[in-house]
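A short worksheet on the structure shown next.
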Amino acid sequence: MVRWQKKAVAAVAAVALAAALAACSSSGGKQSEQSSGGSGGNVADTPRMKVALITHSGAGDTFWDIVRRGAEAAAKKDNIELQYSADPDGAAQANLVQTAIDSKVDGIAVTLNKPDAVIPNVKKAIAAGIPVTILNGGLDQWKTTGALGYFGQDERIAGQATGEKLKQLGAKKVLCVIHEQGNVSLEARCQGIKDKLPTTENVNVNGTDQPGTQATLTSKLQQDKTADYVVALNAGIALTAVQAAKDAGSSAKIGSFDMSKEMAKAVADGTVQFAVDQQPYLQGYLAIDAIWLYKTNGNTIGGGEATLTGPAFIDKSNIAAVQKFAEAGTR
Amino acid sequence: MASTITSPASADDRVSARSLGARLLSRPEIGSLVGAAVILVFFLIAAPPFREINNTGTILYQAALIGVMAVPVSLLMIGGEFDLSAGVAVTTSGLTAGLFAYQFSVNVWVGVIVALALSLAIGTFNGWLLMRTGLPSFLVTLGTFFILQGLNIAVTRLASGAVASNSISDMDGFSAAKALFASEFKLGGVTIKIIVVWWIVFVAIAAWVLLKTQIGNWIFAVGGDAAAARAVGVPVRKVKIGLFMTVGFFAWFTGMQLLFVQNGVVQSGEGVGKEFLYIIAAVVGGCLLTGGYGSVVGGAIGALIFGMVQLGVVYAGWNPDWFKAFLGVMLLLATIVNLVVKNKAEAR
């Protein structure tokens, strides 16, 4: 490194440090964070097991973080060592299932949102005697694989329920925001809404580009003045939509799928009208616990049928009961 | 220094006294300017809301989101290098500021300054490693890209226990920082986001540096032929490291815009793929992929084309299934117009 650059870096670091010492924030920050007191609880005395949870999540997605927390809670209680892995690419996710088979895990919990790519390896795992549970996606296909059970929501039904809700709220023209073009679950939700409200129109945005999403939604609301409701399919996009409606000078109201800390706040203060919760924590928890119950007691949750974890509507009337858990990142 | 410019347009527009028209036509950005005009006219006809002056603010905002980073990326490309880490470096900067301020409960501005130091350090590291190893910048910054992507998620989870940074919107200094990086104001009925103003300022400064200063000459020289430049006394190493640090600075600025525009929360997975948009803007704007030729204004026009097309498709109300396809066709159209105009200009 050249000397002047060294000096520059040192100077900036020194200024930052000096400022840090002198500039404590009087509000917010970690200092005001409440410790949420973890529960001790007992751990099962069944033999130690190794279970893989394999999802199609992209990296750094809050929704999947909650799924993982649920799975970890169940694993901790059940004396299970949880191996989490994820890849949004279908073939790569299938390969992760193969890796789990190779490392001789005692069970696999997997999402089937890219069913064609992943199912062959799921069948391989079951043929190798490894019990498999399906979560989140794959409602139409999971039975054909011979899996133990399914934990998730029927996206089309969730969409239809949302459409009904929107009708009750007096919505005339809904914009359904798809943040991952070509994702089967997201398309099914919008289709469900459209079943009940035929005027519904889809909008595509790039979910990993928040400012770009905001500009796209703003322009859509500027273009379509009749839109009176925007339904986002995840919490982050919904909060972006709130800002976009403000920017566009639109009076459109916002509805959303999924829950998060920020979403709970937005529902409580009325900036978002409702959130359709599919309880990701429960999906992760049950998918792991089902394997333990099967291994230790031969049980099957759902008795051969899918176990639906949603849709549950969260709005101003019941947010109080949920907010505390959303704050802790488990809802 | 002009002799080191190895562009196909070998005419030197700095010393010759040609007519204004000829000088204009030999500028690297002229093709993209015509391309932008074609796209503009197209959408003015195809998309009624495009004609409303109030919506101009939204289009400029979309362009500025790419355009700010297209400034240093254009400079870097003229200097003969790439930076694949530019997209996630923006997220790194936003996360650093948010996490630092939150975890240590300090004034938001402290986090902002720490993020600046880190962003400049990342740029310095890229440039230093490049000069030290002699590896292509493609490989060096690909490494940084993965390192930053992993650190973004891992460090965020370690610090905040989740995959997004904690909200700093209720902390001291937030509103002042938001005013600087992510506020908006009305100008004759049009809502203008402040990043648009910053973008114009940055483009003006960078264009001036590139065209009117010795540093600008050096940038062209190292991009054209680094060995020849070194032989005539250009500090190649300093220039290249400086260019990567410039990318770092702008990544910091864009990261701050990201942090403050979304109420002090940054998702750790963001930014992947954005590096290509910056490069696309520079290339559409007439920067050569091989270095030594291009302009900052061109990069800005490239970003404007991208923004207009992206929102034009929405304003036109076309079926969203076709969105990406429309986008691709329009970009190809713009680049072809760009190419035709440039060839015509060179034939003169």
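To be explicit about the labels: the chains of the structure tokens are called A, B, and onward in the order shown, and within each one the residues are counted from 1, while ligands get numbers from 1 in the order they are shown.
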
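Here is the contact set of chain B against chain A, at 6 Å and counting only C-alpha atoms: Pro49, Gln62, Tyr102, Gln103, Ser105, Val106, Asn107, Val110, Ile113, Val114, Ala117, Ile153, Val163, Asp170, Met171, Asp172, Ser268, Gly269, Glu270, Val314, Tyr315 and Pro320 of chain B.
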
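Residues of segment 126-306 of chain A carrying a DSSP assignment of strand (DSSP E), computed from the backbone, are Val132, Thr133, Ile134, Leu135, Tyr150, Phe151, Gly152, Val174, Leu175, Cys176, Val177, Ile178, Glu201, Asn202, Val203, Asn204, Tyr229, Val230, Val231, Ala232, Lys253, Ile254, Gly255, Ser256, Phe257, Phe274, Ala275, Val276 and Asp277 of chain A.
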
Restrict the selected residues to N, CA and C atoms and save them as a CSV table (one decimal), in the first residue's frame.
```
chain,number,residue,atom,x,y,z
A,132,VAL,N,-38.4,-38.7,5.0
A,132,VAL,CA,-38.4,-37.4,4.4
A,132,VAL,C,-39.7,-36.7,4.7
A,133,THR,N,-39.6,-35.4,5.1
A,133,THR,CA,-40.8,-34.6,5.2
A,133,THR,C,-40.7,-33.4,4.3
A,134,ILE,N,-41.9,-32.9,3.8
A,134,ILE,CA,-41.9,-31.8,2.8
A,134,ILE,C,-42.5,-30.6,3.5
A,135,LEU,N,-41.9,-29.5,3.3
A,135,LEU,CA,-42.5,-28.2,3.8
A,135,LEU,C,-42.6,-27.1,2.8
A,150,TYR,N,-46.6,-33.3,4.9
A,150,TYR,CA,-46.4,-32.0,4.3
A,150,TYR,C,-46.9,-30.9,5.2
A,151,PHE,N,-46.0,-29.9,5.4
A,151,PHE,CA,-46.3,-28.8,6.3
A,151,PHE,C,-46.2,-27.5,5.5
A,152,GLY,N,-47.3,-26.9,5.2
A,152,GLY,CA,-47.3,-25.6,4.5
A,152,GLY,C,-48.7,-25.2,4.3
A,174,VAL,N,-57.0,-4.7,-7.8
A,174,VAL,CA,-55.8,-5.1,-6.9
A,174,VAL,C,-54.6,-5.3,-7.8
A,175,LEU,N,-53.5,-4.8,-7.3
A,175,LEU,CA,-52.2,-5.1,-8.0
A,175,LEU,C,-51.5,-6.2,-7.1
A,176,CYS,N,-51.2,-7.3,-7.8
A,176,CYS,CA,-50.5,-8.4,-7.0
A,176,CYS,C,-49.0,-8.4,-7.4
A,177,VAL,N,-48.1,-8.1,-6.5
A,177,VAL,CA,-46.7,-7.9,-6.8
A,177,VAL,C,-45.9,-9.2,-6.7
A,178,ILE,N,-45.4,-9.7,-7.8
A,178,ILE,CA,-44.6,-10.9,-7.8
A,178,ILE,C,-43.1,-10.5,-7.7
A,201,GLU,N,-54.4,-7.5,-11.3
A,201,GLU,CA,-53.3,-7.5,-12.3
A,201,GLU,C,-52.0,-7.8,-11.6
A,202,ASN,N,-51.2,-8.5,-12.2
A,202,ASN,CA,-49.8,-8.8,-11.7
A,202,ASN,C,-48.8,-7.8,-12.0
A,203,VAL,N,-47.9,-7.5,-11.1
A,203,VAL,CA,-46.7,-6.7,-11.4
A,203,VAL,C,-45.5,-7.4,-11.0
A,204,ASN,N,-44.5,-7.4,-11.9
A,204,ASN,CA,-43.2,-8.1,-11.6
A,204,ASN,C,-42.2,-7.1,-11.1
A,229,TYR,N,-55.8,-1.3,-4.2
A,229,TYR,CA,-55.1,-2.2,-3.3
A,229,TYR,C,-53.9,-2.8,-3.9
A,230,VAL,N,-52.8,-2.8,-3.1
A,230,VAL,CA,-51.6,-3.5,-3.6
A,230,VAL,C,-51.4,-4.6,-2.6
A,231,VAL,N,-51.3,-5.8,-3.2
A,231,VAL,CA,-51.0,-7.0,-2.3
A,231,VAL,C,-49.5,-7.5,-2.6
A,232,ALA,N,-48.7,-7.4,-1.6
A,232,ALA,CA,-47.3,-7.9,-1.7
A,232,ALA,C,-47.2,-9.3,-1.2
A,253,LYS,N,-54.4,1.1,-0.7
A,253,LYS,CA,-54.1,0.4,0.5
A,253,LYS,C,-53.2,-0.8,0.3
A,254,ILE,N,-52.5,-1.2,1.3
A,254,ILE,CA,-51.5,-2.3,1.2
A,254,ILE,C,-52.0,-3.5,2.0
A,255,GLY,N,-51.9,-4.7,1.4
A,255,GLY,CA,-52.1,-5.9,2.1
A,255,GLY,C,-50.8,-6.8,1.8
A,256,SER,N,-50.6,-7.8,2.6
A,256,SER,CA,-49.4,-8.5,2.5
A,256,SER,C,-49.5,-10.0,2.9
A,257,PHE,N,-48.5,-10.7,2.4
A,257,PHE,CA,-48.3,-12.1,2.9
A,257,PHE,C,-47.1,-12.0,3.8
A,274,PHE,N,-53.5,-5.7,6.3
A,274,PHE,CA,-53.5,-7.1,6.9
A,274,PHE,C,-52.3,-7.9,6.3
A,275,ALA,N,-51.9,-9.0,7.0
A,275,ALA,CA,-50.9,-9.8,6.5
A,275,ALA,C,-51.4,-11.3,6.6
A,276,VAL,N,-51.2,-12.0,5.5
A,276,VAL,CA,-51.6,-13.4,5.5
A,276,VAL,C,-50.4,-14.2,6.0
A,277,ASP,N,-50.5,-14.8,7.2
A,277,ASP,CA,-49.4,-15.5,7.8
A,277,ASP,C,-49.5,-17.0,7.5
```

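The shortest atom-to-atom distance to Ala91 of chain A, with only C-alpha atoms taken into account, belongs to A:Asn113 out of A:Thr46, A:Asn113, A:Asn297, A:Asn318.
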
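Here atom CA of Ala306 of chain A is placed at a distance of 28.8 Å from atom CA of Asp45 of chain A.
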
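When DSSP is run on the backbone, the residues of segment 85-130 of chain A that fall into alpha helix (DSSP H) are Gly90, Ala91, Ala92, Gln93, Ala94, Asn95, Leu96, Val97, Gln98, Thr99, Ala100, Ile101, Asp102, Pro115, Asp116, Ala117, Val118, Ile119, Pro120, Asn121, Val122, Lys123, Lys124, Ala125, Ile126 and Ala127 of chain A.
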
Keeping C-alpha atoms for every residue in the selection just given, could you write it to a file as a PDB file, in the first residue's frame?
```
ATOM      1  CA  GLY A  90     -33.422 -26.460  -8.565  1.00  0.00           C
ATOM      2  CA  ALA A  91     -30.583 -28.715  -9.693  1.00  0.00           C
ATOM      3  CA  ALA A  92     -28.299 -27.423  -6.958  1.00  0.00           C
ATOM      4  CA  GLN A  93     -30.978 -28.016  -4.339  1.00  0.00           C
ATOM      5  CA  ALA A  94     -31.428 -31.570  -5.631  1.00  0.00           C
ATOM      6  CA  ASN A  95     -27.700 -32.050  -5.251  1.00  0.00           C
ATOM      7  CA  LEU A  96     -27.890 -30.914  -1.645  1.00  0.00           C
ATOM      8  CA  VAL A  97     -30.419 -33.711  -1.052  1.00  0.00           C
ATOM      9  CA  GLN A  98     -27.911 -36.140  -2.572  1.00  0.00           C
ATOM     10  CA  THR A  99     -25.226 -34.767  -0.241  1.00  0.00           C
ATOM     11  CA  ALA A 100     -27.498 -35.457   2.723  1.00  0.00           C
ATOM     12  CA  ILE A 101     -28.052 -39.030   1.543  1.00  0.00           C
ATOM     13  CA  ASP A 102     -24.290 -39.466   1.133  1.00  0.00           C
ATOM     14  CA  PRO A 115     -40.536 -30.218  -7.800  1.00  0.00           C
ATOM     15  CA  ASP A 116     -39.258 -31.575 -11.101  1.00  0.00           C
ATOM     16  CA  ALA A 117     -35.650 -31.045 -10.140  1.00  0.00           C
ATOM     17  CA  VAL A 118     -35.803 -32.238  -6.544  1.00  0.00           C
ATOM     18  CA  ILE A 119     -38.290 -35.144  -6.529  1.00  0.00           C
ATOM     19  CA  PRO A 120     -35.962 -37.772  -8.085  1.00  0.00           C
ATOM     20  CA  ASN A 121     -33.464 -37.354  -5.254  1.00  0.00           C
ATOM     21  CA  VAL A 122     -36.221 -37.296  -2.644  1.00  0.00           C
ATOM     22  CA  LYS A 123     -37.343 -40.683  -3.947  1.00  0.00           C
ATOM     23  CA  LYS A 124     -33.740 -41.862  -3.788  1.00  0.00           C
ATOM     24  CA  ALA A 125     -33.508 -40.831  -0.140  1.00  0.00           C
ATOM     25  CA  ILE A 126     -36.728 -42.650   0.736  1.00  0.00           C
ATOM     26  CA  ALA A 127     -35.501 -45.735  -1.141  1.00  0.00           C
TER      27      ALA A 127
END
```

Spatial neighbours of Thr144 of chain B, 10 Å, only C-alpha atoms, chain gap at least 3 places, as a PDB file with N, CA and C atoms, in the first residue's frame:
```
ATOM      1  N   ASP B  83     -15.081  -4.186 -11.909  1.00  0.00           N
ATOM      2  CA  ASP B  83     -15.262  -4.492 -10.492  1.00  0.00           C
ATOM      3  C   ASP B  83     -16.556  -5.272 -10.298  1.00  0.00           C
ATOM      4  N   LEU B  84     -16.414  -6.586 -10.148  1.00  0.00           N
ATOM      5  CA  LEU B  84     -17.606  -7.421  -9.960  1.00  0.00           C
ATOM      6  C   LEU B  84     -18.144  -7.336  -8.536  1.00  0.00           C
ATOM      7  N   SER B  85     -17.370  -6.764  -7.627  1.00  0.00           N
ATOM      8  CA  SER B  85     -17.826  -6.693  -6.231  1.00  0.00           C
ATOM      9  C   SER B  85     -18.642  -5.424  -5.969  1.00  0.00           C
ATOM     10  N   ALA B  86     -18.808  -4.588  -6.995  1.00  0.00           N
ATOM     11  CA  ALA B  86     -19.445  -3.279  -6.776  1.00  0.00           C
ATOM     12  C   ALA B  86     -20.880  -3.394  -6.250  1.00  0.00           C
ATOM     13  N   VAL B  88     -22.427  -5.953  -4.357  1.00  0.00           N
ATOM     14  CA  VAL B  88     -22.539  -6.356  -2.951  1.00  0.00           C
ATOM     15  C   VAL B  88     -21.780  -5.401  -2.045  1.00  0.00           C
ATOM     16  N   ALA B  89     -20.792  -4.667  -2.589  1.00  0.00           N
ATOM     17  CA  ALA B  89     -20.063  -3.690  -1.769  1.00  0.00           C
ATOM     18  C   ALA B  89     -21.016  -2.603  -1.285  1.00  0.00           C
ATOM     19  N   ILE B 122     -12.014  -1.522   1.158  1.00  0.00           N
ATOM     20  CA  ILE B 122     -12.320  -2.597   0.203  1.00  0.00           C
ATOM     21  C   ILE B 122     -11.778  -2.229  -1.177  1.00  0.00           C
ATOM     22  N   GLY B 123     -12.012  -0.979  -1.583  1.00  0.00           N
ATOM     23  CA  GLY B 123     -11.498  -0.514  -2.872  1.00  0.00           C
ATOM     24  C   GLY B 123      -9.979  -0.597  -2.926  1.00  0.00           C
ATOM     25  N   PHE B 125      -8.073  -2.530  -1.177  1.00  0.00           N
ATOM     26  CA  PHE B 125      -7.694  -3.944  -1.203  1.00  0.00           C
ATOM     27  C   PHE B 125      -7.779  -4.494  -2.626  1.00  0.00           C
ATOM     28  N   ASN B 126      -8.900  -4.220  -3.310  1.00  0.00           N
ATOM     29  CA  ASN B 126      -9.063  -4.681  -4.695  1.00  0.00           C
ATOM     30  C   ASN B 126      -7.915  -4.189  -5.567  1.00  0.00           C
ATOM     31  N   LEU B 139     -10.881 -11.694 -11.935  1.00  0.00           N
ATOM     32  CA  LEU B 139     -10.676 -12.722 -10.906  1.00  0.00           C
ATOM     33  C   LEU B 139     -10.593 -12.128  -9.510  1.00  0.00           C
ATOM     34  N   VAL B 140      -9.831 -11.044  -9.394  1.00  0.00           N
ATOM     35  CA  VAL B 140      -9.636 -10.435  -8.075  1.00  0.00           C
ATOM     36  C   VAL B 140     -10.976  -9.997  -7.487  1.00  0.00           C
ATOM     37  N   THR B 141     -11.756  -9.278  -8.315  1.00  0.00           N
ATOM     38  CA  THR B 141     -13.011  -8.742  -7.772  1.00  0.00           C
ATOM     39  C   THR B 141     -14.083  -9.821  -7.667  1.00  0.00           C
ATOM     40  N   ILE B 147     -16.454 -13.017  -1.108  1.00  0.00           N
ATOM     41  CA  ILE B 147     -16.097 -12.734   0.292  1.00  0.00           C
ATOM     42  C   ILE B 147     -17.144 -11.801   0.910  1.00  0.00           C
ATOM     43  N   LEU B 148     -17.437 -10.709   0.201  1.00  0.00           N
ATOM     44  CA  LEU B 148     -18.376  -9.724   0.744  1.00  0.00           C
ATOM     45  C   LEU B 148     -19.774 -10.316   0.883  1.00  0.00           C
ATOM     46  N   GLN B 149     -20.184 -11.096  -0.131  1.00  0.00           N
ATOM     47  CA  GLN B 149     -21.512 -11.700  -0.093  1.00  0.00           C
ATOM     48  C   GLN B 149     -21.642 -12.580   1.147  1.00  0.00           C
ATOM     49  N   GLY B 150     -20.612 -13.377   1.411  1.00  0.00           N
ATOM     50  CA  GLY B 150     -20.637 -14.248   2.575  1.00  0.00           C
ATOM     51  C   GLY B 150     -20.578 -13.466   3.867  1.00  0.00           C
TER      52      GLY B 150
END
```

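Our summary of the geometry notes that atom CA of Tyr278 of chain B is positioned 28.0 Å from atom CA of Asn166 of chain B.
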
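When the distance limit is 7 Å and only C-alpha atoms are what count, the residues near Val71 of chain B, minus those fewer than 5 positions from it on the same chain, are Val203, Val296, Gly299 and Ala300 of chain B.
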
Include N, CA, C and O atoms and write out the residues we just selected as a compact mmCIF listing (two decimals), in the first residue's frame.
```
# COMPACT_ATOMS: atom_id res chain seq x y z
N VAL B 203 -21.72 13.25 -11.73
CA VAL B 203 -21.40 13.11 -13.16
C VAL B 203 -20.60 14.33 -13.63
O VAL B 203 -19.58 14.20 -14.32
N VAL B 296 -17.89 9.48 -18.89
CA VAL B 296 -18.75 9.44 -17.71
C VAL B 296 -20.18 9.83 -18.08
O VAL B 296 -21.15 9.21 -17.64
N GLY B 299 -21.94 6.94 -19.52
CA GLY B 299 -22.42 6.03 -18.48
C GLY B 299 -23.73 6.51 -17.88
O GLY B 299 -24.65 5.73 -17.61
N ALA B 300 -23.81 7.84 -17.69
CA ALA B 300 -25.05 8.42 -17.14
C ALA B 300 -26.21 8.23 -18.11
O ALA B 300 -27.33 7.90 -17.71
```

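Take the candidates B:Trp322, B:Phe82, B:Tyr293, B:Phe253 and check each one against Ala115 of chain B using only C-alpha atoms; the shortest distance goes to B:Phe253.
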
Quick one: residues within 9 Å of segment 19-33 of chain B, only C-alpha atoms, excluding same-chain residues fewer than 5 positions away - as a ChimeraX atom specification? /B:9,11,13,38,284-287,293-299,301-302,305,334-346,348

Resulting file, chosen residues, N, CA, C and O atoms, as a CSV table (one decimal), in the first residue's frame:
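Ended up saving to again_11.csv:
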```
chain,number,residue,atom,x,y,z
B,9,ALA,N,-11.5,5.7,-32.8
B,9,ALA,CA,-11.6,7.0,-33.2
B,9,ALA,C,-10.2,7.7,-32.9
B,9,ALA,O,-10.0,8.2,-31.8
B,11,ALA,N,-8.9,10.3,-34.2
B,11,ALA,CA,-8.8,11.7,-34.3
B,11,ALA,C,-8.8,12.3,-32.9
B,11,ALA,O,-9.5,11.9,-32.0
B,13,ASP,N,-9.7,15.0,-30.4
B,13,ASP,CA,-10.6,16.2,-30.4
B,13,ASP,C,-10.1,17.3,-29.5
B,13,ASP,O,-10.8,18.2,-29.2
B,38,VAL,N,-34.3,8.0,-29.0
B,38,VAL,CA,-35.2,7.1,-29.7
B,38,VAL,C,-36.1,6.4,-28.7
B,38,VAL,O,-37.3,6.3,-28.9
B,284,VAL,N,-23.5,0.5,-22.5
B,284,VAL,CA,-24.5,1.1,-23.3
B,284,VAL,C,-24.1,2.6,-23.6
B,284,VAL,O,-24.4,3.1,-24.7
B,285,GLY,N,-23.5,3.2,-22.6
B,285,GLY,CA,-23.1,4.6,-22.7
B,285,GLY,C,-21.8,4.8,-23.5
B,285,GLY,O,-21.3,5.9,-23.6
B,286,GLY,N,-21.3,3.7,-24.1
B,286,GLY,CA,-20.2,3.9,-25.0
B,286,GLY,C,-18.8,3.6,-24.5
B,286,GLY,O,-17.8,3.8,-25.2
B,287,CYS,N,-18.7,3.1,-23.2
B,287,CYS,CA,-17.4,2.7,-22.7
B,287,CYS,C,-17.0,1.3,-23.3
B,287,CYS,O,-17.8,0.4,-23.4
B,293,TYR,N,-11.3,3.9,-23.6
B,293,TYR,CA,-12.2,4.7,-24.4
B,293,TYR,C,-13.5,4.8,-23.7
B,293,TYR,O,-14.0,3.7,-23.2
B,294,GLY,N,-14.2,5.9,-23.7
B,294,GLY,CA,-15.5,6.0,-23.1
B,294,GLY,C,-15.7,7.4,-22.4
B,294,GLY,O,-14.8,8.2,-22.5
B,295,SER,N,-16.8,7.5,-21.7
B,295,SER,CA,-17.1,8.8,-21.0
B,295,SER,C,-18.0,8.6,-19.9
B,295,SER,O,-18.8,7.6,-19.8
B,296,VAL,N,-17.9,9.5,-18.9
B,296,VAL,CA,-18.8,9.4,-17.7
B,296,VAL,C,-20.2,9.8,-18.1
B,296,VAL,O,-21.2,9.2,-17.6
B,297,VAL,N,-20.3,10.8,-18.9
B,297,VAL,CA,-21.6,11.3,-19.4
B,297,VAL,C,-22.3,10.1,-20.1
B,297,VAL,O,-23.5,9.9,-19.9
B,298,GLY,N,-21.6,9.4,-20.9
B,298,GLY,CA,-22.1,8.2,-21.6
B,298,GLY,C,-22.7,7.2,-20.6
B,298,GLY,O,-23.8,6.7,-20.8
B,299,GLY,N,-21.9,6.9,-19.5
B,299,GLY,CA,-22.4,6.0,-18.5
B,299,GLY,C,-23.7,6.5,-17.9
B,299,GLY,O,-24.6,5.7,-17.6
B,301,ILE,N,-25.9,8.4,-19.4
B,301,ILE,CA,-27.0,8.2,-20.4
B,301,ILE,C,-27.4,6.8,-20.5
B,301,ILE,O,-28.6,6.4,-20.6
B,302,GLY,N,-26.4,5.9,-20.3
B,302,GLY,CA,-26.7,4.4,-20.3
B,302,GLY,C,-27.7,4.1,-19.1
B,302,GLY,O,-28.6,3.4,-19.3
B,305,ILE,N,-31.1,5.4,-20.0
B,305,ILE,CA,-31.8,4.4,-21.0
B,305,ILE,C,-32.4,3.3,-20.2
B,305,ILE,O,-33.5,2.9,-20.4
B,334,ALA,N,-31.3,0.2,-28.3
B,334,ALA,CA,-30.5,1.3,-27.9
B,334,ALA,C,-29.0,1.2,-28.3
B,334,ALA,O,-28.4,2.1,-28.8
B,335,THR,N,-28.5,0.0,-28.0
B,335,THR,CA,-27.1,-0.2,-28.3
B,335,THR,C,-26.8,-0.3,-29.8
B,335,THR,O,-25.8,0.2,-30.2
B,336,ILE,N,-27.8,-0.8,-30.6
B,336,ILE,CA,-27.6,-0.8,-32.0
B,336,ILE,C,-27.6,0.6,-32.6
B,336,ILE,O,-26.7,1.0,-33.4
B,337,VAL,N,-28.6,1.4,-32.1
B,337,VAL,CA,-28.6,2.8,-32.6
B,337,VAL,C,-27.3,3.5,-32.2
B,337,VAL,O,-26.7,4.2,-33.0
B,338,ASN,N,-26.8,3.2,-31.0
B,338,ASN,CA,-25.6,3.7,-30.5
B,338,ASN,C,-24.4,3.3,-31.5
B,338,ASN,O,-23.6,4.2,-31.9
B,339,LEU,N,-24.4,2.1,-31.9
B,339,LEU,CA,-23.3,1.6,-32.7
B,339,LEU,C,-23.4,2.2,-34.1
B,339,LEU,O,-22.4,2.7,-34.6
B,340,VAL,N,-24.6,2.3,-34.7
B,340,VAL,CA,-24.8,2.9,-36.0
B,340,VAL,C,-24.3,4.3,-36.0
B,340,VAL,O,-23.6,4.8,-36.9
B,341,VAL,N,-24.8,5.1,-35.0
B,341,VAL,CA,-24.4,6.5,-34.9
B,341,VAL,C,-22.9,6.7,-34.8
B,341,VAL,O,-22.3,7.5,-35.5
B,342,LYS,N,-22.3,5.8,-34.0
B,342,LYS,CA,-20.8,5.9,-33.8
B,342,LYS,C,-20.1,5.6,-35.1
B,342,LYS,O,-19.1,6.3,-35.4
B,343,ASN,N,-20.5,4.6,-35.8
B,343,ASN,CA,-19.9,4.2,-37.0
B,343,ASN,C,-20.0,5.4,-38.0
B,343,ASN,O,-19.0,5.7,-38.7
B,344,LYS,N,-21.2,5.9,-38.1
B,344,LYS,CA,-21.4,7.1,-39.0
B,344,LYS,C,-20.4,8.2,-38.6
B,344,LYS,O,-19.8,8.8,-39.5
B,345,ALA,N,-20.3,8.5,-37.3
B,345,ALA,CA,-19.5,9.6,-36.9
B,345,ALA,C,-18.0,9.3,-37.2
B,345,ALA,O,-17.3,10.2,-37.6
B,346,GLU,N,-17.6,8.1,-37.1
B,346,GLU,CA,-16.2,7.8,-37.4
B,346,GLU,C,-15.9,7.8,-38.9
B,346,GLU,O,-14.8,8.1,-39.3
B,348,ARG,N,-16.9,9.9,-40.9
B,348,ARG,CA,-16.8,11.3,-41.4
B,348,ARG,C,-15.3,11.7,-41.5
B,348,ARG,O,-14.5,11.6,-40.7
```

Give me, please, the distance in Å between atom CA of Met263 of chain A and atom CA of Asp315 of chain A, quoted to one decimal. 10.5 Å
